[in-house]
file upload_17.txt (compact mmCIF, C-alpha atoms and all ligand atoms)
# COMPACT_ATOMS: atom_id res chain seq x y z
CA MET E 1 -3.57 -15.97 -0.21
CA SER E 2 -2.74 -19.63 0.07
CA ASP E 3 0.58 -18.90 -1.69
CA LEU E 4 1.44 -16.37 0.93
CA ASN E 5 0.32 -18.62 3.73
CA SER E 6 2.12 -21.74 2.63
CA SER E 7 5.32 -19.89 1.85
CA ILE E 8 5.36 -18.58 5.39
CA VAL E 9 4.48 -21.84 7.02
CA GLN E 10 7.07 -23.77 5.06
CA GLY E 11 9.63 -20.98 5.00
CA ALA E 12 9.86 -21.43 1.23
CA THR E 13 10.25 -18.70 -1.38
CA PRO E 14 6.82 -17.52 -2.55
CA SER E 15 6.13 -18.40 -6.16
CA ASN E 16 5.33 -14.84 -7.19
CA ASP E 17 8.59 -13.68 -5.55
CA ILE E 18 7.23 -10.34 -4.34
CA MET E 19 7.38 -11.32 -0.69
CA LEU E 20 10.98 -12.42 -1.16
CA ALA E 21 12.67 -10.02 1.19
CA MET E 22 9.79 -9.75 3.61
CA ASP E 23 9.44 -11.46 6.89
CA ILE E 24 5.76 -12.28 7.20
CA HIS E 25 4.46 -13.58 10.51
CA THR E 26 1.16 -15.38 10.99
CA ASN E 27 -1.53 -15.40 13.69
CA ILE E 28 -0.09 -12.59 15.73
CA PRO E 29 -1.97 -11.50 18.88
CA LEU E 30 -2.89 -7.85 18.31
CA LYS E 31 -2.95 -7.28 22.04
CA ASN E 32 0.85 -7.44 21.94
CA PHE E 33 0.95 -4.57 19.44
CA THR E 34 -1.69 -2.21 20.86
CA THR E 35 -1.33 -0.35 24.14
CA MET E 36 -4.89 -1.21 25.32
CA ARG E 37 -3.72 -4.86 25.19
CA LEU E 38 -6.97 -6.30 23.87
CA GLY E 39 -8.20 -8.03 20.75
CA GLY E 40 -7.79 -11.14 18.63
CA ASN E 41 -5.10 -12.22 16.16
CA ALA E 42 -3.91 -10.70 12.93
CA ARG E 43 -3.69 -13.29 10.19
CA PHE E 44 -0.48 -11.79 8.78
CA MET E 45 1.90 -9.12 10.00
CA THR E 46 5.05 -7.61 8.54
CA GLU E 47 7.33 -4.61 8.99
CA VAL E 48 8.61 -2.30 6.26
CA ARG E 49 11.67 -0.08 6.42
CA THR E 50 11.54 1.62 3.02
CA GLU E 51 8.89 3.00 0.67
CA GLN E 52 9.85 0.34 -1.85
CA GLU E 53 9.25 -2.47 0.64
CA LEU E 54 5.90 -0.92 1.51
CA ILE E 55 4.81 -0.71 -2.12
CA GLU E 56 5.83 -4.29 -2.83
CA VAL E 57 4.13 -5.78 0.17
CA TYR E 58 0.98 -3.66 -0.34
CA ARG E 59 0.68 -4.62 -4.01
CA ASN E 60 1.17 -8.25 -3.20
CA ALA E 61 -1.54 -8.20 -0.52
CA LYS E 62 -3.93 -6.56 -2.98
CA THR E 63 -3.28 -9.14 -5.71
CA GLN E 64 -4.17 -11.76 -3.15
CA ASN E 65 -7.31 -9.83 -2.04
CA LEU E 66 -6.01 -9.41 1.47
CA PRO E 67 -7.29 -6.43 3.43
CA VAL E 68 -4.45 -4.25 4.72
CA PHE E 69 -4.20 -2.27 7.96
CA ILE E 70 -1.34 0.09 8.76
CA LEU E 71 -0.04 0.13 12.31
CA GLY E 72 2.39 2.55 13.91
CA GLY E 73 2.96 2.34 17.65
CA GLY E 74 -0.51 0.92 18.38
CA SER E 75 -1.12 3.65 20.95
CA ASN E 76 -4.27 5.01 19.36
CA VAL E 77 -5.77 1.84 17.93
CA ILE E 78 -8.18 -0.67 19.45
CA ALA E 79 -8.23 -4.24 18.15
CA LYS E 80 -11.50 -6.17 18.04
CA ASP E 81 -11.94 -9.71 19.35
CA GLU E 82 -12.44 -11.22 15.91
CA GLY E 83 -8.95 -10.06 15.00
CA PHE E 84 -7.93 -8.99 11.51
CA LYS E 85 -8.21 -11.39 8.59
CA GLY E 86 -5.70 -9.55 6.46
CA LEU E 87 -2.18 -8.17 6.58
CA ILE E 88 -1.01 -5.68 9.20
CA ILE E 89 1.89 -3.58 7.95
CA ARG E 90 3.99 -1.99 10.69
CA ILE E 91 5.74 1.10 9.43
CA ARG E 92 9.39 1.25 10.48
CA ILE E 93 10.64 3.78 7.90
CA PRO E 94 13.43 5.84 9.54
CA GLY E 95 14.57 9.39 8.77
CA PHE E 96 15.45 12.73 10.33
CA GLU E 97 16.82 15.17 7.77
CA VAL E 98 17.07 18.96 7.81
CA ILE E 99 15.95 19.96 4.31
CA GLY E 100 15.52 23.71 4.82
CA ASP E 101 17.17 26.34 6.98
CA ASP E 102 16.55 30.08 7.02
CA LEU E 103 16.75 32.95 9.50
CA HIS E 104 13.58 31.98 11.34
CA SER E 105 13.04 28.28 10.82
CA LYS E 106 14.34 24.84 10.01
CA THR E 107 12.40 22.37 7.89
CA ILE E 108 12.82 18.73 8.83
CA LYS E 109 11.73 15.64 6.94
CA LEU E 110 10.92 12.71 9.21
CA GLY E 111 10.45 9.03 8.40
CA ALA E 112 6.97 7.80 9.35
CA GLY E 113 8.43 5.03 11.49
CA GLU E 114 10.37 7.32 13.85
CA ASP E 115 9.29 7.32 17.48
CA TRP E 116 7.38 10.57 18.02
CA ASP E 117 8.87 11.55 21.35
CA SER E 118 12.47 10.87 20.23
CA VAL E 119 11.84 13.33 17.40
CA VAL E 120 10.40 15.92 19.81
CA LYS E 121 13.49 15.49 22.01
CA ARG E 122 15.84 16.01 19.06
CA THR E 123 14.04 19.18 17.95
CA VAL E 124 14.14 20.53 21.51
CA ASP E 125 17.89 19.78 21.66
CA MET E 126 18.21 21.78 18.42
CA ARG E 127 16.34 24.66 20.11
CA LEU E 128 13.46 24.51 17.68
CA SER E 129 9.91 25.33 18.63
CA GLY E 130 6.62 23.96 17.32
CA ILE E 131 6.18 20.49 18.79
CA GLU E 132 7.75 20.83 22.26
CA THR E 133 4.37 20.80 24.08
CA MET E 134 3.62 17.52 22.30
CA SER E 135 6.34 15.84 24.39
CA ALA E 136 5.87 12.34 25.80
CA ILE E 137 3.04 11.38 23.46
CA PRO E 138 3.40 7.68 22.65
CA GLY E 139 3.39 6.53 19.03
CA THR E 140 5.11 7.12 15.72
CA VAL E 141 5.53 10.10 13.38
CA GLY E 142 3.30 8.53 10.72
CA GLY E 143 0.41 8.15 13.15
CA ALA E 144 0.51 11.76 14.28
CA PRO E 145 -1.22 13.41 11.28
CA VAL E 146 -3.96 10.76 11.16
CA GLN E 147 -5.72 12.09 14.26
CA ASN E 148 -4.01 15.48 14.09
CA VAL E 149 -2.24 14.83 17.37
CA GLY E 150 -2.28 17.72 19.78
CA ALA E 151 -1.45 18.66 23.35
CA TYR E 152 -1.01 21.77 25.49
CA GLY E 153 -1.78 24.26 22.78
CA GLN E 154 0.01 22.73 19.78
CA GLU E 155 -1.25 20.32 17.16
CA ILE E 156 0.71 18.80 14.31
CA ALA E 157 -1.39 20.68 11.76
CA ASP E 158 0.28 23.93 12.98
CA THR E 159 3.76 22.90 11.81
CA LEU E 160 3.20 20.19 9.21
CA GLN E 161 4.18 21.52 5.81
CA SER E 162 3.56 18.44 3.73
CA LEU E 163 3.76 14.69 3.89
CA THR E 164 4.47 11.88 1.50
CA ALA E 165 2.29 8.83 1.30
CA TYR E 166 1.74 5.73 -0.77
CA ASP E 167 -1.58 6.31 -2.53
CA SER E 168 -3.09 2.86 -2.89
CA GLN E 169 -5.62 4.24 -5.38
CA SER E 170 -3.10 5.56 -7.92
CA ASP E 171 -0.42 3.07 -6.79
CA GLN E 172 2.28 5.71 -6.40
CA ILE E 173 4.03 7.86 -3.82
CA VAL E 174 2.35 11.27 -3.62
CA THR E 175 3.03 14.50 -1.75
CA LEU E 176 0.13 16.13 0.10
CA GLN E 177 0.39 19.74 1.28
CA ASN E 178 -1.01 20.72 4.68
CA SER E 179 -4.15 22.18 3.09
CA GLU E 180 -4.87 18.86 1.37
CA CYS E 181 -4.91 16.89 4.63
CA GLY E 182 -8.28 18.24 5.86
CA PHE E 183 -7.05 18.87 9.40
CA SER E 184 -9.46 19.80 12.17
CA TYR E 185 -9.71 18.95 15.88
CA ARG E 186 -8.36 15.37 16.20
CA HIS E 187 -9.31 14.73 12.58
CA SER E 188 -7.89 14.54 9.04
CA ILE E 189 -8.82 12.98 5.70
CA PHE E 190 -6.72 9.95 6.76
CA ARG E 191 -9.37 8.91 9.28
CA GLY E 192 -12.20 10.54 7.33
CA GLU E 193 -13.05 10.49 3.65
CA ALA E 194 -9.69 9.04 2.54
CA SER E 195 -9.55 6.41 5.28
CA GLY E 196 -7.60 3.37 4.03
CA ARG E 197 -6.35 5.12 0.90
CA TYR E 198 -2.98 6.56 1.94
CA VAL E 199 -0.06 5.13 3.85
CA ILE E 200 2.01 7.97 5.27
CA THR E 201 5.74 7.44 4.64
CA SER E 202 7.26 10.78 5.71
CA VAL E 203 6.20 14.00 7.39
CA THR E 204 7.84 17.40 6.84
CA LEU E 205 7.63 19.92 9.68
CA LYS E 206 8.62 23.59 9.63
CA LEU E 207 9.84 24.52 13.11
CA SER E 208 10.62 27.97 14.45
CA LYS E 209 13.96 29.17 15.79
CA ASN E 210 12.14 31.44 18.27
CA LEU E 211 11.90 30.63 21.94
CA PRO E 212 8.53 29.32 23.12
CA HIS E 213 6.53 32.28 24.39
CA PRO E 214 3.54 32.83 26.66
CA PRO E 215 0.61 32.76 27.01
CA PHE E 216 0.78 28.98 27.28
CA TYR E 217 -2.11 26.53 27.48
CA GLU E 218 -3.91 26.92 30.80
CA ALA E 219 -2.63 23.81 32.61
CA LEU E 220 0.93 24.46 31.39
CA GLN E 221 0.85 28.14 32.39
CA LYS E 222 -0.44 27.17 35.83
CA TYR E 223 2.39 24.66 36.28
CA LEU E 224 5.01 27.27 35.27
CA ASP E 225 3.45 30.01 37.44
CA GLU E 226 3.35 27.75 40.48
CA ARG E 227 7.09 27.25 40.12
CA GLY E 228 7.83 30.90 39.41
CA THR E 229 9.29 30.03 36.00
CA THR E 230 9.91 33.11 33.89
CA ILE E 231 12.51 31.89 31.38
CA PHE E 232 10.83 29.69 28.85
CA THR E 233 13.39 27.63 26.99
CA HIS E 234 12.38 24.71 24.80
CA GLN E 235 13.71 22.33 27.44
CA VAL E 236 11.79 24.06 30.26
CA ILE E 237 8.54 23.63 28.34
CA ARG E 238 9.31 20.01 27.42
CA ASP E 239 10.16 19.17 31.04
CA ALA E 240 6.98 20.84 32.29
CA VAL E 241 4.78 18.93 29.84
CA ILE E 242 6.48 15.64 30.71
CA ALA E 243 5.84 16.30 34.42
CA ILE E 244 2.18 17.27 33.88
CA ARG E 245 1.54 14.24 31.69
CA ALA E 246 3.28 11.86 34.11
CA ASP E 247 0.91 13.05 36.80
CA LYS E 248 -2.32 12.91 34.76
CA LEU E 249 -1.82 10.24 32.14
CA PRO E 250 -1.01 6.63 33.02
CA ASP E 251 2.09 5.12 31.37
CA PRO E 252 0.75 2.61 28.80
CA ALA E 253 3.76 0.35 29.47
CA LYS E 254 2.48 -0.13 33.03
CA LEU E 255 -1.29 0.43 32.81
CA PRO E 256 -2.82 -0.42 29.41
CA ASN E 257 -4.57 2.62 27.90
CA THR E 258 -4.73 4.70 24.73
CA GLY E 259 -4.47 8.20 26.21
CA SER E 260 -7.70 10.11 25.73
CA PHE E 261 -10.32 7.48 24.99
CA PHE E 262 -12.94 10.08 24.00
CA LYS E 263 -12.77 13.22 21.92
CA ASN E 264 -13.78 16.43 23.59
CA ALA E 265 -17.35 17.34 22.68
CA ILE E 266 -18.01 20.01 20.08
CA ILE E 267 -21.42 21.60 20.67
CA GLU E 268 -23.52 24.47 19.28
CA ASP E 269 -24.11 27.71 21.19
CA TRP E 270 -27.74 26.78 22.04
CA GLN E 271 -26.49 23.52 23.58
CA LEU E 272 -23.92 25.44 25.61
CA ASN E 273 -26.63 27.78 26.92
CA GLU E 274 -28.74 24.80 27.93
CA LEU E 275 -25.75 23.14 29.61
CA LYS E 276 -24.78 26.32 31.44
CA SER E 277 -28.25 26.85 32.83
CA ASN E 278 -27.73 23.85 35.14
CA ASN E 279 -23.93 23.90 35.22
CA PRO E 280 -22.73 27.50 35.27
CA ASP E 281 -19.10 26.39 35.88
CA VAL E 282 -18.73 24.09 32.88
CA PRO E 283 -15.35 24.77 31.17
CA ASN E 284 -15.75 25.67 27.50
CA TYR E 285 -13.54 26.92 24.67
CA GLU E 286 -14.84 28.89 21.72
CA MET E 287 -13.96 27.29 18.37
CA GLY E 288 -15.53 29.88 16.03
CA ASP E 289 -18.60 29.40 13.83
CA GLY E 290 -20.83 29.34 16.92
CA LYS E 291 -19.21 26.11 18.14
CA PHE E 292 -17.74 25.36 21.56
CA LYS E 293 -15.45 22.62 22.84
CA ILE E 294 -16.48 21.05 26.15
CA PRO E 295 -13.98 18.82 27.98
CA THR E 296 -15.46 15.34 27.90
CA GLY E 297 -13.37 14.54 31.02
CA TRP E 298 -15.47 17.13 32.86
CA LEU E 299 -18.74 15.66 31.54
CA ILE E 300 -17.73 12.12 32.59
CA GLU E 301 -16.52 13.29 36.00
CA HIS E 302 -19.73 15.23 36.65
CA ALA E 303 -21.84 12.28 35.53
CA SER E 304 -20.38 10.59 38.65
CA LEU E 305 -18.13 8.17 36.79
CA LYS E 306 -14.75 9.31 38.12
CA GLY E 307 -12.73 6.23 39.18
CA ALA E 308 -15.57 3.85 38.23
CA LEU E 309 -14.70 0.26 37.25
CA ILE E 310 -16.99 -0.83 34.42
CA HIS E 311 -16.54 -4.25 32.76
CA GLY E 312 -12.89 -4.27 33.82
CA MET E 313 -12.23 -0.77 32.46
CA ARG E 314 -11.27 1.91 34.98
CA VAL E 315 -12.26 5.55 34.41
CA HIS E 316 -8.95 7.17 35.41
CA ASP E 317 -9.44 9.20 38.57
CA LYS E 318 -6.89 11.84 37.54
CA ASN E 319 -8.41 12.35 34.09
CA CYS E 320 -11.80 10.86 33.26
CA LEU E 321 -11.05 11.05 29.52
CA VAL E 322 -8.73 8.08 29.95
CA LEU E 323 -9.89 4.46 30.29
CA ILE E 324 -7.42 1.98 31.76
CA ASN E 325 -7.73 -1.69 30.98
CA GLU E 326 -7.50 -3.01 34.50
CA SER E 327 -9.07 -6.44 34.12
CA ALA E 328 -10.95 -6.50 30.80
CA SER E 329 -10.01 -9.47 28.68
CA THR E 330 -11.95 -8.76 25.51
CA TYR E 331 -12.81 -5.92 23.19
CA SER E 332 -16.46 -6.58 23.98
CA ASP E 333 -15.81 -5.69 27.66
CA LEU E 334 -14.33 -2.42 26.48
CA ALA E 335 -17.23 -1.79 24.09
CA SER E 336 -19.76 -2.39 26.90
CA ALA E 337 -17.91 0.01 29.20
CA ARG E 338 -17.65 2.62 26.44
CA ASP E 339 -21.36 2.37 25.61
CA GLU E 340 -22.36 2.70 29.26
CA ILE E 341 -20.24 5.82 29.65
CA ILE E 342 -21.58 7.34 26.42
CA GLY E 343 -25.15 6.51 27.55
CA LYS E 344 -24.69 8.04 30.99
CA VAL E 345 -23.26 11.27 29.54
CA ARG E 346 -26.10 11.41 26.99
CA ASP E 347 -28.74 10.85 29.68
CA THR E 348 -27.17 13.43 32.00
CA TYR E 349 -26.26 16.18 29.52
CA ARG E 350 -27.96 15.34 26.20
CA ILE E 351 -24.49 15.40 24.59
CA GLN E 352 -23.27 12.57 22.39
CA ILE E 353 -19.57 11.87 23.00
CA GLU E 354 -17.34 9.91 20.63
CA GLN E 355 -14.50 7.43 20.92
CA GLU E 356 -11.12 8.83 19.87
CA PRO E 357 -8.93 5.80 19.00
CA LEU E 358 -9.36 4.07 15.65
CA GLU E 359 -10.38 0.42 15.46
CA ILE E 360 -8.85 -2.46 13.57
N1 LIG E 401 -11.40 18.04 33.29
C1 LIG E 401 -12.23 17.64 34.29
N2 LIG E 401 -12.23 16.32 34.63
C2 LIG E 401 -11.44 15.42 34.00
C3 LIG E 401 -10.59 15.83 32.95
C4 LIG E 401 -10.58 17.16 32.61
O1 LIG E 401 -12.96 18.41 34.88
O2 LIG E 401 -11.50 14.25 34.39
C5 LIG E 401 -11.36 19.48 32.92
C6 LIG E 401 -10.06 20.13 33.38
O3 LIG E 401 -10.17 20.60 34.68
C7 LIG E 401 -9.90 21.24 32.38
C8 LIG E 401 -10.50 20.68 31.12
O4 LIG E 401 -11.31 19.59 31.52
O5 LIG E 401 -10.65 22.36 32.76
C9 LIG E 401 -9.47 20.24 30.09
O6 LIG E 401 -8.63 19.24 30.63
P1 LIG E 401 -7.12 19.02 30.14
O7 LIG E 401 -6.47 20.32 29.92
O8 LIG E 401 -6.48 18.05 31.04
O9 LIG E 401 -7.25 18.38 28.71
P2 LIG E 401 -8.24 17.30 28.11
O10 LIG E 401 -9.32 18.01 27.37
O11 LIG E 401 -8.63 16.31 29.15
C10 LIG E 401 -6.86 17.21 25.87
C11 LIG E 401 -6.34 16.16 24.92
C12 LIG E 401 -5.12 15.45 25.51
C13 LIG E 401 -4.06 16.50 25.77
C14 LIG E 401 -4.64 17.56 26.73
C15 LIG E 401 -3.70 18.70 26.96
C16 LIG E 401 -8.23 15.39 23.62
C17 LIG E 401 -9.17 14.27 23.32
N3 LIG E 401 -7.38 15.20 24.62
O12 LIG E 401 -7.28 16.54 27.06
O13 LIG E 401 -4.63 14.54 24.54
O14 LIG E 401 -2.89 15.92 26.31
O15 LIG E 401 -5.83 18.14 26.16
O16 LIG E 401 -3.62 19.47 25.81
O17 LIG E 401 -8.28 16.40 22.92
C18 LIG E 401 -4.69 12.26 23.83
O18 LIG E 401 -5.23 12.63 22.80
O19 LIG E 401 -4.45 11.03 24.04
C19 LIG E 401 -4.38 13.22 24.87
C20 LIG E 401 -3.88 12.86 26.03
call {"tool": "encode", "arguments": {"input": "upload_17.txt", "output": "C-alpha cells", "more": "lines below"}}
Ligand code: EPU
result
Amino acid sequence: MSDLNSSIVQGATPSNDIMLAMDIHTNIPLKNFTTMRLGGNARFMTEVRTEQELIEVYRNAKTQNLPVFILGGGSNVIAKDEGFKGLIIRIRIPGFEVIGDDLHSKTIKLGAGEDWDSVVKRTVDMRLSGIETMSAIPGTVGGAPVQNVGAYGQEIADTLQSLTAYDSQSDQIVTLQNSECGFSYRHSIFRGEASGRYVITSVTLKLSKNLPHPPFYEALQKYLDERGTTIFTHQVIRDAVIAIRADKLPDPAKLPNTGSFFKNAIIEDWQLNELKSNNPDVPNYEMGDGKFKIPTGWLIEHASLKGALIHGMRVHDKNCLVLINESASTYSDLASARDEIIGKVRDTYRIQIEQEPLEI
C-alpha cells in the first residue's frame, strides 16, 4: 500500500511496475462521483479502459490488501461519510458490436463502460426492440445487470443473453449466461451471494427486429392513449418514456438523487388481504407464488410523507419513491431520513421497505 501511495504522491514509477500505465488519484471526494452527492473520500481511484488494465489494477490492489469497489456512473450508489479506504475502479471499457444477426433479432455486445442511454438511443435508431422503455436511465451498461435495471415493462434480464466479467476468485475473465446471473426484481447474484466477486466487463443483448407492441405498461399506455397514438415505433416509445420520466423523475444533474430510493415492496397474499381491508384502493401487481408487488411510492405517499423534508432530504412530490438531496450534507442525514421513512411505513402498514441503491 505504501508503495502505491508514495508512487502516486511523488509521481514516480511504482517498484512493482504493475501500476505503470495507470493513473491513480488519491483522496477523491466520492460526492463528486455519485449522483446523491454525499459521502467522504476514496483513498484511491482509477479508471480502466480494457479488461487487461482492469485485471492488472485489481491484482495489484489485492497484493497490497486494498479493498476494491467498482463504480459505473454512480447513479445507484450511496457513499458513506467515512469514505472508502481502498481503491475505486471506474469502468470505462467501450464497445458496441453487432455479433449476431438473423431474421428476427440482432445480438449486440456492449462494453461495460458505455453510457446506458446512448446505447438505448443507438438501438432505437437501428429499429431494435427490447430496451427502448429503459430510455433515459442514468448510468453505465455494466451497472445495469447488477440491480437488474427495469422500467415501463422491460428489465435487462429479458434481453440479456450473457455477460463477461473478471472473476476475482478464479482470477480470470468468465462468461455467465443469463440463467447464471440469478435475476429477479431489482436483484442479481452481483448484489447478492456473489457480491464483490465479479467485475462486469461486457454485456450481450439479443434485441428483436419487431416493432414494440401493446399492451404497454400502464403509465406508458395512458400517455400514448391520451395523445391518440396508434403507431408504435421504437422512437415513439422512447420519446414517450423520456417525457414521462422528465415529468416524474428529477434530473440528477440538477437535483441530486438516485432515482427510486426504495424497492417496491413484495408481500404475501395474507399481507395484501390485511392491507386491502383498510385500503381497498391499494395498487398491487401479482408476481406469482402467492406474492404481490406493492408500489412503495404509494405506501410513502399514504403515510403522509409526500413532499416532506426530513434531515435535508426531500420526498419528491411527484414520486414518493425518490429522495432528493436538497440540503443534506452527510450520509448520516440521509440514513436518518431513510430510517424515519422506513419506520413510518412500518408503523402505518406493518410492511418493511428496503433501500434500493447499493452502498460504498
Ligand atoms: N404511486 C403513488 N405514489 C407515488 C409513486 C407511485 O401512488 O408517489 C403509485 C402510482 O400511482 C402507480 C404505482 O404507484 O399506481 C406505480 O408507480 P410507477 O409506475 O410510477 O412506478 P414505481 O413503482 O414508482 C418503478 C421503478 C422505476 C421505474 C418505474 C416505471 C422500482 C424501485 N422503481 O417505479 O425505476 O422507472 O417503475 O417502470 O422498481 C429506478 O429504479 O430508479 C426507477 C426510476
call {"tool": "atom_distance", "arguments": {"input": "upload_17.txt", "atom1": "CA of Ile24 (chain E)", "atom2": "CA of Val141 (chain E)"}}
result
23.2 Å
call {"tool": "closest_residue", "arguments": {"input": "upload_17.txt", "among": "E:Lys254, E:Lys222, E:Arg186, E:Lys291", "to": "ligand LIG 401 (chain E)", "atoms": "all atoms listed in the file"}}
result
E:Arg186
call {"tool": "residues_around", "arguments": {"input": "upload_17.txt", "residues": "Leu160 (chain E)", "least_positions_apart": "5", "cutoff": "9 Å", "atoms": "all atoms listed in the file", "output": "VMD selection string"}}
result
chain E and resid 145 177 to 178 203 to 207
call {"tool": "closest_residue", "arguments": {"input": "upload_17.txt", "among": "E:Asp101, E:Glu359, E:Glu155, E:Asp225", "to": "ligand LIG 401 (chain E)", "atoms": "only C-alpha atoms and all ligand atoms"}}
result
E:Glu155
call {"tool": "residues_near_ligand", "arguments": {"input": "upload_17.txt", "ligand": "ligand LIG 401 (chain E)", "cutoff": "6 Å", "atoms": "all atoms listed in the file", "output": "list in words"}}
result
Ala151, Tyr152, Gly153, Ala219, Gly259, Ser260, Phe262, Lys263, Asn264, Pro283, Pro295, Gly297, Trp298, Glu301, Asn319, Cys320 and Leu321 of chain E
call {"tool": "closest_residue", "arguments": {"input": "upload_17.txt", "among": "E:Ile242, E:Pro214, E:Asp115, E:Ile200", "to": "Ile55 (chain E)", "atoms": "all atoms listed in the file"}}
result
E:Ile200
call {"tool": "atom_distance", "arguments": {"input": "upload_17.txt", "atom1": "CA of Lys209 (chain E)", "atom2": "CA of Lys106 (chain E)"}}
result
7.2 Å
call {"tool": "closest_residue", "arguments": {"input": "upload_17.txt", "among": "E:Ala308, E:Ile131, E:Ile266, E:Ala303", "to": "Met287 (chain E)", "atoms": "all atoms listed in the file"}}
result
E:Ile266
call {"tool": "residues_near_point", "arguments": {"input": "upload_17.txt", "point": "(9.9, 2.5, 3.5)", "cutoff": "9 Å", "atoms": "all atoms listed in the file", "output": "list in words"}}
result
Val48, Arg49, Thr50, Glu51, Gln52, Glu53, Leu54, Ile55, Ile91, Arg92, Ile93, Pro94, Gly111, Ala112, Gly113, Thr201 and Ser202 of chain E
call {"tool": "write_last_selection", "arguments": {"input": "upload_17.txt", "atoms": "C-alpha atoms", "output": "PDB file, in the coordinates of the input"}}
result
ATOM      1  CA  VAL E  48       8.610  -2.300   6.260  1.00  0.00           C
ATOM      2  CA  ARG E  49      11.670  -0.080   6.420  1.00  0.00           C
ATOM      3  CA  THR E  50      11.540   1.620   3.020  1.00  0.00           C
ATOM      4  CA  GLU E  51       8.890   3.000   0.670  1.00  0.00           C
ATOM      5  CA  GLN E  52       9.850   0.340  -1.850  1.00  0.00           C
ATOM      6  CA  GLU E  53       9.250  -2.470   0.640  1.00  0.00           C
ATOM      7  CA  LEU E  54       5.900  -0.920   1.510  1.00  0.00           C
ATOM      8  CA  ILE E  55       4.810  -0.710  -2.120  1.00  0.00           C
ATOM      9  CA  ILE E  91       5.740   1.100   9.430  1.00  0.00           C
ATOM     10  CA  ARG E  92       9.390   1.250  10.480  1.00  0.00           C
ATOM     11  CA  ILE E  93      10.640   3.780   7.900  1.00  0.00           C
ATOM     12  CA  PRO E  94      13.430   5.840   9.540  1.00  0.00           C
ATOM     13  CA  GLY E 111      10.450   9.030   8.400  1.00  0.00           C
ATOM     14  CA  ALA E 112       6.970   7.800   9.350  1.00  0.00           C
ATOM     15  CA  GLY E 113       8.430   5.030  11.490  1.00  0.00           C
ATOM     16  CA  THR E 201       5.740   7.440   4.640  1.00  0.00           C
ATOM     17  CA  SER E 202       7.260  10.780   5.710  1.00  0.00           C
TER      18      SER E 202
END
call {"tool": "closest_residue", "arguments": {"input": "upload_17.txt", "among": "E:Leu220, E:Asp339, E:Val322, E:Tyr58", "to": "Gly307 (chain E)", "atoms": "all atoms listed in the file"}}
result
E:Val322
call {"tool": "atom_distance", "arguments": {"input": "upload_17.txt", "atom1": "CA of Gly74 (chain E)", "atom2": "CA of Arg90 (chain E)"}}
result
9.4 Å
call {"tool": "closest_residue", "arguments": {"input": "upload_17.txt", "among": "E:Val146, E:Cys181, E:Ala253, E:Ile360", "to": "Leu87 (chain E)", "atoms": "only C-alpha atoms"}}
result
E:Ile360
call {"tool": "residues_near_point", "arguments": {"input": "upload_17.txt", "point": "(2.1, 17.6, 24.5)", "cutoff": "10 Å", "atoms": "all atoms listed in the file", "output": "list in words"}}
result
Asp117, Val120, Ile131, Glu132, Thr133, Met134, Ser135, Ala136, Ile137, Val149, Gly150, Ala151, Tyr152, Gly153, Gln154, Glu155, Leu220, Ile237, Arg238, Ala240, Val241, Ile242, Ile244 and Arg245 of chain E
call {"tool": "residues_around", "arguments": {"input": "upload_17.txt", "residues": "Ile310 (chain E)", "least_positions_apart": "2", "cutoff": "6 Å", "atoms": "only C-alpha atoms", "output": "PyMOL selection string"}}
result
chain E and resi 312-313+337
call {"tool": "residues_around", "arguments": {"input": "upload_17.txt", "residues": "Asp125 (chain E)", "least_positions_apart": "2", "cutoff": "12 Å", "atoms": "all atoms listed in the file", "output": "PDB file with C-alpha atoms, in the frame of the given file"}}
result
ATOM      1  CA  SER E 118      12.470  10.870  20.230  1.00  0.00           C
ATOM      2  CA  VAL E 119      11.840  13.330  17.400  1.00  0.00           C
ATOM      3  CA  VAL E 120      10.400  15.920  19.810  1.00  0.00           C
ATOM      4  CA  LYS E 121      13.490  15.490  22.010  1.00  0.00           C
ATOM      5  CA  ARG E 122      15.840  16.010  19.060  1.00  0.00           C
ATOM      6  CA  THR E 123      14.040  19.180  17.950  1.00  0.00           C
ATOM      7  CA  ARG E 127      16.340  24.660  20.110  1.00  0.00           C
ATOM      8  CA  LEU E 128      13.460  24.510  17.680  1.00  0.00           C
ATOM      9  CA  SER E 129       9.910  25.330  18.630  1.00  0.00           C
ATOM     10  CA  GLU E 132       7.750  20.830  22.260  1.00  0.00           C
ATOM     11  CA  LYS E 209      13.960  29.170  15.790  1.00  0.00           C
ATOM     12  CA  THR E 233      13.390  27.630  26.990  1.00  0.00           C
ATOM     13  CA  HIS E 234      12.380  24.710  24.800  1.00  0.00           C
ATOM     14  CA  GLN E 235      13.710  22.330  27.440  1.00  0.00           C
ATOM     15  CA  VAL E 236      11.790  24.060  30.260  1.00  0.00           C
ATOM     16  CA  ARG E 238       9.310  20.010  27.420  1.00  0.00           C
TER      17      ARG E 238
END
call {"tool": "residues_around", "arguments": {"input": "upload_17.txt", "residues": "Ser168 (chain E)", "least_positions_apart": "3", "cutoff": "8 Å", "atoms": "all atoms listed in the file", "output": "PyMOL selection string"}}
result
chain E and resi 171-172+197-199
call {"tool": "axis_aligned_box", "arguments": {"input": "upload_17.txt", "around": "region 58-64 of chain E", "padding_each_side": "4 Å", "output": "AutoDock Vina command-line options"}}
result
--center_x -1.5 --center_y -7.7 --center_z -3.0 --size_x 13.3 --size_y 16.1 --size_z 13.4
